[in-house]
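What follows is entry-v1.cif (mmCIF, N, CA, C and O atoms).
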data_run
#
loop_
_atom_site.label_atom_id
_atom_site.label_comp_id
_atom_site.auth_asym_id
_atom_site.auth_seq_id
_atom_site.Cartn_x
_atom_site.Cartn_y
_atom_site.Cartn_z
N ASP A 102 20.53 -5.01 -3.62
CA ASP A 102 20.17 -3.78 -4.30
C ASP A 102 18.74 -3.36 -3.98
O ASP A 102 18.46 -2.18 -3.81
N GLU A 103 17.86 -4.35 -3.90
CA GLU A 103 16.46 -4.04 -3.61
C GLU A 103 16.31 -3.50 -2.19
O GLU A 103 15.52 -2.59 -1.95
N LEU A 104 17.08 -4.06 -1.25
CA LEU A 104 17.03 -3.55 0.13
C LEU A 104 17.55 -2.11 0.18
O LEU A 104 16.99 -1.26 0.86
N THR A 105 18.61 -1.84 -0.57
CA THR A 105 19.16 -0.48 -0.61
C THR A 105 18.14 0.48 -1.19
O THR A 105 17.95 1.59 -0.66
N ASP A 106 17.45 0.08 -2.25
CA ASP A 106 16.42 0.94 -2.84
C ASP A 106 15.28 1.19 -1.86
O ASP A 106 14.79 2.31 -1.73
N ALA A 107 14.88 0.14 -1.15
CA ALA A 107 13.80 0.30 -0.15
C ALA A 107 14.25 1.23 0.97
O ALA A 107 13.49 2.09 1.43
N PHE A 108 15.51 1.10 1.40
CA PHE A 108 16.04 1.98 2.45
C PHE A 108 16.10 3.42 1.97
O PHE A 108 15.71 4.34 2.69
N ASN A 109 16.57 3.64 0.74
CA ASN A 109 16.62 4.99 0.18
C ASN A 109 15.24 5.62 0.12
O ASN A 109 15.07 6.81 0.38
N SER A 110 14.24 4.82 -0.19
CA SER A 110 12.86 5.32 -0.22
C SER A 110 12.41 5.78 1.16
O SER A 110 11.80 6.83 1.31
N ILE A 111 12.75 4.99 2.18
CA ILE A 111 12.39 5.35 3.55
C ILE A 111 13.13 6.62 3.97
O ILE A 111 12.54 7.52 4.57
N MET A 112 14.42 6.70 3.64
CA MET A 112 15.21 7.89 3.99
C MET A 112 14.60 9.14 3.35
O MET A 112 14.45 10.18 4.00
N GLN A 113 14.26 9.07 2.08
CA GLN A 113 13.68 10.21 1.38
C GLN A 113 12.37 10.64 2.03
O GLN A 113 12.12 11.83 2.22
N ARG A 114 11.54 9.67 2.37
CA ARG A 114 10.24 9.97 2.99
C ARG A 114 10.44 10.62 4.36
O ARG A 114 9.80 11.61 4.68
N LYS A 115 11.35 10.07 5.17
CA LYS A 115 11.61 10.63 6.50
C LYS A 115 12.17 12.05 6.40
O LYS A 115 11.76 12.94 7.13
N LEU A 116 13.12 12.26 5.49
CA LEU A 116 13.76 13.56 5.36
C LEU A 116 12.80 14.61 4.81
O LEU A 116 12.87 15.78 5.18
N ARG A 117 11.91 14.19 3.95
CA ARG A 117 10.95 15.12 3.36
C ARG A 117 10.02 15.71 4.42
O ARG A 117 9.66 16.88 4.36
N PHE A 118 9.61 14.91 5.38
CA PHE A 118 8.64 15.34 6.38
C PHE A 118 9.27 15.73 7.71
O PHE A 118 8.56 16.13 8.63
N ALA A 119 10.56 15.61 7.82
CA ALA A 119 11.24 15.91 9.09
C ALA A 119 11.41 17.41 9.28
O ALA A 119 11.66 18.15 8.34
N LYS A 120 11.24 17.82 10.53
CA LYS A 120 11.53 19.20 10.88
C LYS A 120 13.05 19.37 10.95
O LYS A 120 13.74 18.44 11.36
N PRO A 121 13.56 20.52 10.57
CA PRO A 121 15.01 20.71 10.68
C PRO A 121 15.45 20.60 12.14
O PRO A 121 14.78 21.12 13.04
N GLU A 122 16.54 19.92 12.35
CA GLU A 122 17.07 19.79 13.71
C GLU A 122 17.71 21.10 14.13
O GLU A 122 18.19 21.86 13.30
N LYS A 123 17.75 21.34 15.43
CA LYS A 123 18.38 22.56 15.94
C LYS A 123 19.84 22.64 15.51
O LYS A 123 20.35 23.71 15.25
N ARG A 124 20.47 21.49 15.44
CA ARG A 124 21.88 21.47 15.05
C ARG A 124 22.09 22.00 13.63
O ARG A 124 23.15 22.47 13.29
N ALA A 125 21.06 21.91 12.80
CA ALA A 125 21.20 22.38 11.41
C ALA A 125 21.46 23.87 11.37
O ALA A 125 22.06 24.37 10.42
N PHE A 126 21.05 24.57 12.39
CA PHE A 126 21.21 26.02 12.41
C PHE A 126 22.49 26.46 13.12
O PHE A 126 22.91 27.59 13.01
N SER A 127 23.10 25.57 13.82
CA SER A 127 24.30 25.94 14.57
C SER A 127 25.59 25.56 13.85
O SER A 127 26.66 25.63 14.42
N GLY A 128 25.48 25.18 12.61
CA GLY A 128 26.67 24.80 11.85
C GLY A 128 27.03 23.36 12.10
O GLY A 128 26.41 22.67 12.91
N ILE A 129 28.02 22.91 11.41
CA ILE A 129 28.44 21.53 11.57
C ILE A 129 29.49 21.48 12.67
O ILE A 129 30.65 21.79 12.47
N VAL A 130 29.05 21.07 13.84
CA VAL A 130 29.92 21.02 15.00
C VAL A 130 30.33 19.58 15.28
O VAL A 130 31.47 19.28 15.53
N GLY A 131 29.38 18.69 15.23
CA GLY A 131 29.66 17.29 15.51
C GLY A 131 28.50 16.45 15.04
O GLY A 131 27.46 16.96 14.69
N ARG A 132 28.71 15.18 15.00
CA ARG A 132 27.68 14.25 14.56
C ARG A 132 27.23 13.40 15.74
O ARG A 132 28.01 13.06 16.62
N GLN A 133 25.97 13.06 15.70
CA GLN A 133 25.43 12.14 16.69
C GLN A 133 26.01 10.76 16.43
O GLN A 133 26.02 10.29 15.29
N LYS A 134 26.51 10.12 17.45
CA LYS A 134 27.07 8.79 17.30
C LYS A 134 26.01 7.77 17.71
O LYS A 134 25.45 7.85 18.80
N VAL A 135 25.75 6.85 16.81
CA VAL A 135 24.75 5.82 17.05
C VAL A 135 25.41 4.46 16.84
O VAL A 135 26.02 4.22 15.81
N SER A 136 25.24 3.59 17.79
CA SER A 136 25.85 2.27 17.74
C SER A 136 25.01 1.31 16.89
O SER A 136 23.80 1.18 17.10
N VAL A 137 25.66 0.64 15.96
CA VAL A 137 24.98 -0.38 15.16
C VAL A 137 24.57 -1.52 16.09
O VAL A 137 23.49 -2.10 15.94
N GLU A 138 25.40 -1.80 17.08
CA GLU A 138 25.08 -2.85 18.05
C GLU A 138 23.79 -2.52 18.81
O GLU A 138 22.95 -3.39 19.03
N LYS A 139 23.64 -1.26 19.19
CA LYS A 139 22.42 -0.84 19.90
C LYS A 139 21.20 -1.02 19.00
O LYS A 139 20.15 -1.50 19.45
N MET A 140 21.33 -0.67 17.74
CA MET A 140 20.21 -0.83 16.81
C MET A 140 19.91 -2.31 16.58
O MET A 140 18.76 -2.70 16.44
N THR A 141 20.96 -3.15 16.56
CA THR A 141 20.77 -4.59 16.43
C THR A 141 19.97 -5.11 17.62
O THR A 141 19.02 -5.89 17.45
N ASP A 142 20.31 -4.66 18.82
CA ASP A 142 19.58 -5.07 20.02
C ASP A 142 18.12 -4.64 19.95
O ASP A 142 17.22 -5.41 20.33
N GLU A 143 17.86 -3.43 19.47
CA GLU A 143 16.48 -2.95 19.36
C GLU A 143 15.70 -3.77 18.34
O GLU A 143 14.53 -4.10 18.57
N LEU A 144 16.34 -4.10 17.22
CA LEU A 144 15.67 -4.93 16.22
C LEU A 144 15.37 -6.32 16.78
O LEU A 144 14.29 -6.86 16.57
N CYS A 145 16.34 -6.89 17.50
CA CYS A 145 16.13 -8.21 18.11
C CYS A 145 14.96 -8.19 19.08
O CYS A 145 14.15 -9.12 19.10
N GLU A 146 14.88 -7.13 19.84
CA GLU A 146 13.78 -7.00 20.81
C GLU A 146 12.43 -6.96 20.09
O GLU A 146 11.47 -7.60 20.50
N ARG A 147 12.37 -6.22 19.02
CA ARG A 147 11.12 -6.15 18.25
C ARG A 147 10.79 -7.49 17.59
O ARG A 147 9.64 -7.88 17.53
N LEU A 148 11.82 -8.18 17.11
CA LEU A 148 11.60 -9.48 16.46
C LEU A 148 11.24 -10.57 17.47
O LEU A 148 10.59 -11.55 17.11
N ARG A 149 11.65 -10.44 18.70
CA ARG A 149 11.33 -11.44 19.73
C ARG A 149 9.82 -11.55 19.92
O ARG A 149 9.31 -12.62 20.19
N LYS A 150 9.14 -10.44 19.79
CA LYS A 150 7.70 -10.41 20.05
C LYS A 150 6.90 -11.15 18.98
O LYS A 150 5.98 -11.89 19.30
N THR A 151 7.23 -10.93 17.70
CA THR A 151 6.40 -11.49 16.63
C THR A 151 7.15 -12.43 15.69
O THR A 151 6.53 -13.19 14.97
N GLY A 152 8.47 -12.33 15.67
CA GLY A 152 9.25 -13.15 14.76
C GLY A 152 9.38 -12.54 13.38
O GLY A 152 10.18 -12.98 12.57
N LYS A 153 8.56 -11.51 13.09
CA LYS A 153 8.58 -10.84 11.80
C LYS A 153 8.46 -9.34 12.01
O LYS A 153 7.88 -8.90 13.00
N LEU A 154 8.98 -8.59 11.04
CA LEU A 154 8.89 -7.13 11.11
C LEU A 154 8.97 -6.58 9.70
O LEU A 154 9.84 -6.98 8.93
N GLN A 155 8.04 -5.69 9.38
CA GLN A 155 8.11 -5.03 8.08
C GLN A 155 9.34 -4.13 8.04
O GLN A 155 9.66 -3.47 9.03
N PHE A 156 10.01 -4.11 6.90
CA PHE A 156 11.20 -3.29 6.72
C PHE A 156 10.91 -1.83 7.07
O PHE A 156 11.66 -1.20 7.81
N LYS A 157 9.81 -1.29 6.58
CA LYS A 157 9.46 0.11 6.86
C LYS A 157 9.31 0.36 8.36
O LYS A 157 9.71 1.40 8.86
N LEU A 158 8.71 -0.59 9.05
CA LEU A 158 8.48 -0.42 10.49
C LEU A 158 9.77 -0.50 11.29
O LEU A 158 9.84 0.01 12.41
N ALA A 159 10.80 -1.11 10.74
CA ALA A 159 12.09 -1.19 11.43
C ALA A 159 12.68 0.21 11.61
O ALA A 159 13.54 0.41 12.47
N PHE A 160 12.22 1.17 10.83
CA PHE A 160 12.75 2.53 10.89
C PHE A 160 11.77 3.51 11.54
O PHE A 160 12.03 4.70 11.59
N SER A 161 10.68 3.02 12.07
CA SER A 161 9.62 3.90 12.56
C SER A 161 9.96 4.64 13.84
O SER A 161 9.41 5.70 14.11
N TRP A 162 10.88 4.12 14.65
CA TRP A 162 11.18 4.78 15.92
C TRP A 162 12.42 5.67 15.85
O TRP A 162 12.74 6.38 16.79
N GLN A 163 13.13 5.68 14.73
CA GLN A 163 14.32 6.53 14.60
C GLN A 163 13.91 7.96 14.26
O GLN A 163 12.94 8.17 13.55
N LYS A 164 14.68 8.90 14.76
CA LYS A 164 14.37 10.30 14.54
C LYS A 164 15.46 11.03 13.76
O LYS A 164 15.22 12.11 13.25
N SER A 165 16.63 10.45 13.66
CA SER A 165 17.73 11.16 13.00
C SER A 165 18.34 10.30 11.90
O SER A 165 18.17 9.08 11.86
N LYS A 166 19.05 10.96 11.03
CA LYS A 166 19.71 10.27 9.92
C LYS A 166 20.73 9.24 10.43
O LYS A 166 20.75 8.11 9.93
N PRO A 167 21.57 9.57 11.44
CA PRO A 167 22.50 8.55 11.96
C PRO A 167 21.78 7.32 12.51
O PRO A 167 22.25 6.20 12.34
N GLU A 168 20.62 7.51 13.14
CA GLU A 168 19.86 6.37 13.65
C GLU A 168 19.33 5.52 12.49
O GLU A 168 19.34 4.29 12.56
N LEU A 169 18.87 6.17 11.43
CA LEU A 169 18.37 5.44 10.26
C LEU A 169 19.48 4.62 9.62
O LEU A 169 19.30 3.45 9.30
N VAL A 170 20.65 5.24 9.46
CA VAL A 170 21.78 4.55 8.83
C VAL A 170 22.26 3.39 9.70
O VAL A 170 22.51 2.29 9.20
N ALA A 171 22.35 3.61 11.00
CA ALA A 171 22.80 2.54 11.92
C ALA A 171 21.81 1.37 11.90
O ALA A 171 22.23 0.21 11.96
N THR A 172 20.53 1.67 11.79
CA THR A 172 19.52 0.60 11.73
C THR A 172 19.67 -0.19 10.43
O THR A 172 19.61 -1.42 10.44
N PHE A 173 19.89 0.50 9.33
CA PHE A 173 20.08 -0.19 8.05
C PHE A 173 21.32 -1.08 8.11
O PHE A 173 21.29 -2.23 7.66
N LEU A 174 22.41 -0.57 8.67
CA LEU A 174 23.63 -1.37 8.80
C LEU A 174 23.39 -2.58 9.71
O LEU A 174 23.91 -3.67 9.46
N ALA A 175 22.60 -2.38 10.76
CA ALA A 175 22.27 -3.49 11.66
C ALA A 175 21.49 -4.57 10.91
O ALA A 175 21.76 -5.77 11.08
N ILE A 176 20.55 -4.16 10.07
CA ILE A 176 19.77 -5.12 9.28
C ILE A 176 20.69 -5.89 8.34
O ILE A 176 20.62 -7.12 8.25
N LEU A 177 21.57 -5.18 7.65
CA LEU A 177 22.50 -5.85 6.74
C LEU A 177 23.40 -6.84 7.48
O LEU A 177 23.64 -7.96 7.00
N GLU A 178 23.88 -6.45 8.64
CA GLU A 178 24.74 -7.34 9.44
C GLU A 178 23.96 -8.56 9.91
O GLU A 178 24.48 -9.69 9.91
N MET A 179 22.74 -8.37 10.31
CA MET A 179 21.91 -9.49 10.78
C MET A 179 21.60 -10.45 9.63
O MET A 179 21.53 -11.66 9.84
N ILE A 180 21.42 -9.92 8.42
CA ILE A 180 21.20 -10.78 7.26
C ILE A 180 22.49 -11.55 6.95
O ILE A 180 22.46 -12.76 6.72
N ARG A 181 23.63 -10.85 6.96
CA ARG A 181 24.92 -11.47 6.67
C ARG A 181 25.23 -12.61 7.64
O ARG A 181 25.75 -13.65 7.26
N SER A 182 24.88 -12.41 8.90
CA SER A 182 25.18 -13.42 9.92
C SER A 182 24.05 -14.44 10.09
O SER A 182 24.04 -15.21 11.05
N ASN A 183 23.10 -14.43 9.16
CA ASN A 183 21.97 -15.38 9.15
C ASN A 183 21.09 -15.31 10.39
O ASN A 183 20.51 -16.32 10.79
N ARG A 184 21.01 -14.15 10.99
CA ARG A 184 20.12 -13.99 12.14
C ARG A 184 18.71 -13.64 11.71
O ARG A 184 17.75 -13.91 12.43
N ILE A 185 18.59 -13.01 10.53
CA ILE A 185 17.28 -12.71 9.95
C ILE A 185 17.33 -12.96 8.44
O ILE A 185 18.41 -13.00 7.85
N LEU A 186 16.16 -13.13 7.87
CA LEU A 186 15.99 -13.21 6.42
C LEU A 186 15.18 -11.99 6.00
O LEU A 186 14.35 -11.50 6.77
N ALA A 187 15.39 -11.55 4.78
CA ALA A 187 14.58 -10.47 4.22
C ALA A 187 13.87 -11.02 2.99
O ALA A 187 14.52 -11.36 2.00
N GLU A 188 12.57 -11.15 3.09
CA GLU A 188 11.77 -11.65 1.97
C GLU A 188 10.85 -10.54 1.49
O GLU A 188 10.26 -9.83 2.30
N TYR A 189 10.73 -10.43 0.17
CA TYR A 189 9.89 -9.38 -0.39
C TYR A 189 8.44 -9.86 -0.45
O TYR A 189 8.15 -10.94 -0.94
N ASP A 190 7.54 -9.04 0.06
CA ASP A 190 6.11 -9.33 0.05
C ASP A 190 5.47 -8.49 -1.05
O ASP A 190 5.35 -7.27 -0.92
N GLU A 191 5.09 -9.15 -2.13
CA GLU A 191 4.49 -8.45 -3.28
C GLU A 191 3.21 -7.73 -2.88
O GLU A 191 2.94 -6.63 -3.36
N GLU A 192 2.44 -8.34 -2.02
CA GLU A 192 1.16 -7.76 -1.62
C GLU A 192 1.35 -6.43 -0.89
O GLU A 192 0.65 -5.46 -1.15
N GLN A 193 2.30 -6.39 0.03
CA GLN A 193 2.54 -5.17 0.81
C GLN A 193 3.57 -4.26 0.18
O GLN A 193 3.81 -3.16 0.67
N LYS A 194 4.24 -4.72 -0.87
CA LYS A 194 5.29 -3.95 -1.55
C LYS A 194 6.36 -3.51 -0.56
O LYS A 194 6.78 -2.36 -0.53
N ASP A 195 6.77 -4.45 0.27
CA ASP A 195 7.78 -4.17 1.30
C ASP A 195 8.49 -5.47 1.64
O ASP A 195 7.97 -6.56 1.43
N PHE A 196 9.69 -5.34 2.18
CA PHE A 196 10.41 -6.50 2.68
C PHE A 196 9.88 -6.85 4.06
O PHE A 196 9.49 -5.98 4.84
N ILE A 197 9.91 -8.14 4.35
CA ILE A 197 9.56 -8.63 5.68
C ILE A 197 10.83 -9.22 6.26
O ILE A 197 11.48 -10.07 5.65
N LEU A 198 11.22 -8.74 7.43
CA LEU A 198 12.39 -9.26 8.14
C LEU A 198 11.91 -10.39 9.03
O LEU A 198 11.01 -10.20 9.85
N ILE A 199 12.50 -11.57 8.88
CA ILE A 199 12.04 -12.76 9.59
C ILE A 199 13.18 -13.32 10.43
O ILE A 199 14.28 -13.54 9.93
N LYS A 200 12.89 -13.54 11.69
CA LYS A 200 13.88 -14.11 12.61
C LYS A 200 14.18 -15.55 12.20
O LYS A 200 13.27 -16.33 11.92
N THR A 201 15.47 -15.91 12.14
CA THR A 201 15.86 -17.26 11.75
C THR A 201 16.00 -18.16 12.97
O THR A 201 15.96 -17.69 14.12
N LYS A 202 16.20 -19.44 12.72
CA LYS A 202 16.40 -20.39 13.82
C LYS A 202 17.67 -20.04 14.59
O LYS A 202 17.73 -20.23 15.80
N LYS A 203 18.69 -19.52 13.90
CA LYS A 203 19.93 -19.13 14.58
C LYS A 203 19.65 -18.02 15.57
O LYS A 203 20.17 -18.03 16.69
N GLU A 204 18.83 -17.05 15.20
CA GLU A 204 18.50 -15.93 16.10
C GLU A 204 17.71 -16.46 17.30
O GLU A 204 17.93 -16.03 18.42
N VAL A 205 16.83 -17.40 17.08
CA VAL A 205 16.06 -17.99 18.18
C VAL A 205 17.01 -18.68 19.15
O VAL A 205 16.89 -18.54 20.37
N ALA A 206 18.00 -19.39 18.63
CA ALA A 206 18.98 -20.11 19.47
C ALA A 206 19.85 -19.13 20.25
O ALA A 206 20.23 -19.41 21.39
N ASP A 207 20.14 -17.94 19.68
CA ASP A 207 20.97 -16.95 20.35
C ASP A 207 20.24 -16.26 21.50
O ASP A 207 20.87 -15.67 22.36
N GLU A 208 18.93 -16.32 21.51
CA GLU A 208 18.15 -15.67 22.57
C GLU A 208 18.39 -16.43 23.83
O GLU A 208 18.46 -16.30 24.86
#

Can the structure from this file be put into structure tokens for me?
Amino acid sequence: DELTDAFNSIMQRKLRFAKPEKRAFSGIVGRQKVSVEKMTDELCERLRKTGKLQFKLAFSWQKSKPELVATFLAILEMIRSNRILAEYDEEQKDFILIKTKKEVADE
């Protein structure tokens, strides 16, 4: 629940400051398809460098709502499969995503 609340906070912040996409003016024609697997790969790449990643920063390179949602689903899947841990950092008021030994072995 806390991860969902943190994700909703990020979504609200991104949407508040985002410029309307061109597609918003052309009606609802189609949705951008974003692979959860692709987002998992991007998260793994970022975690390879430091072993840790702030939850907020995991969403810093996404530009669209489908990318944000796919990244959140990738994080949940990685937690479920024990590839990362999510620990809350009281000092930073954010979750820290930490690469597990299983993720290190999968590299």

- Query: Using the chain letters and numbers from the file, which residues does the PyMOL selection byres ((chain A and resi 184) around 5) grab, as a PyMOL selection string?
  - Reply: chain A and resi 179-180+182-183+185-186+199-201+204

Coordinates of box centre and edge lengths for region 134-140 of chain A, 8 Å on every side, axis-aligned, as JSON:
{"center_x": 22.9, "center_y": 3.4, "center_z": 17.5, "size_x": 24.3, "size_y": 29.5, "size_z": 20.7}

Worksheet item: With distances taken over only C-alpha atoms, which of A:Leu169, A:Ile111, A:Ile176, A:Ile197 is nearest to Leu144 (chain A)?
Response: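 When distances to Leu144 (chain A) are compared using only C-alpha atoms, the smallest one comes from A:Ile176.
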
From the list A:Asp142, A:Lys164, A:Val170, A:Ser136, which residue is nearest Lys115 (chain A) when using all atoms listed in the file?
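Counting all atoms listed in the file, the residue closest to Lys115 (chain A) is A:Lys164.
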
Separating CA of Leu198 (chain A) from CA of Leu148 (chain A), to the nearest tenth of an Å, is a gap of 8.4 Å

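Distances from A:Pro167, A:Gln193, A:Trp162, A:Phe156 to Phe108 (chain A) were compared using all atoms listed in the file, and the smallest one belongs to A:Phe156.
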
Compute the distance from (25.6, 10.1, 15.6) to each atom, counting only C-alpha atoms, keep the residues with any atom at most 8 Å away, and return them as a PyMOL selection string; use the coordinates of the file. chain A and resi 132-135+167-168

Write a file of the selected residues as a PDB file, in the frame of the given file, keeping N, CA, C and O atoms.
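This is the output file selection-v6.pdb:
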ATOM      1  N   ARG A 132      28.710  15.180  15.000  1.00  0.00           N
ATOM      2  CA  ARG A 132      27.680  14.250  14.560  1.00  0.00           C
ATOM      3  C   ARG A 132      27.230  13.400  15.740  1.00  0.00           C
ATOM      4  O   ARG A 132      28.010  13.060  16.620  1.00  0.00           O
ATOM      5  N   GLN A 133      25.970  13.060  15.700  1.00  0.00           N
ATOM      6  CA  GLN A 133      25.430  12.140  16.690  1.00  0.00           C
ATOM      7  C   GLN A 133      26.010  10.760  16.430  1.00  0.00           C
ATOM      8  O   GLN A 133      26.020  10.290  15.290  1.00  0.00           O
ATOM      9  N   LYS A 134      26.510  10.120  17.450  1.00  0.00           N
ATOM     10  CA  LYS A 134      27.070   8.790  17.300  1.00  0.00           C
ATOM     11  C   LYS A 134      26.010   7.770  17.710  1.00  0.00           C
ATOM     12  O   LYS A 134      25.450   7.850  18.800  1.00  0.00           O
ATOM     13  N   VAL A 135      25.750   6.850  16.810  1.00  0.00           N
ATOM     14  CA  VAL A 135      24.750   5.820  17.050  1.00  0.00           C
ATOM     15  C   VAL A 135      25.410   4.460  16.840  1.00  0.00           C
ATOM     16  O   VAL A 135      26.020   4.220  15.810  1.00  0.00           O
ATOM     17  N   PRO A 167      21.570   9.570  11.440  1.00  0.00           N
ATOM     18  CA  PRO A 167      22.500   8.550  11.960  1.00  0.00           C
ATOM     19  C   PRO A 167      21.780   7.320  12.510  1.00  0.00           C
ATOM     20  O   PRO A 167      22.250   6.200  12.340  1.00  0.00           O
ATOM     21  N   GLU A 168      20.620   7.510  13.140  1.00  0.00           N
ATOM     22  CA  GLU A 168      19.860   6.370  13.650  1.00  0.00           C
ATOM     23  C   GLU A 168      19.330   5.520  12.490  1.00  0.00           C
ATOM     24  O   GLU A 168      19.340   4.290  12.560  1.00  0.00           O
TER      25      GLU A 168
END

CA of Gly152 (chain A) to CA of Ala187 (chain A) measures 12.1 Å

request  = To one decimal in Å, tell me the separation between atom O of Phe196 (chain A) and atom N of Glu143 (chain A).
outcome  =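 We find that atom O of Phe196 (chain A) and atom N of Glu143 (chain A) lie 17.0 Å from each other.
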
Per-residue DSSP, chain A, filtered to helix (DSSP H, G or I), as a PyMOL selection string: chain A and resi 103-118+123-126+137-151+157-160+166-181+202-207

- request: Check the smallest atom-to-atom distance from each of A:Ala171, A:Lys157, A:Glu192, A:Val137 to Leu104 (chain A) using only C-alpha atoms, then report the winner.
  value: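 Closest to Leu104 (chain A) of all the choices is A:Lys157.
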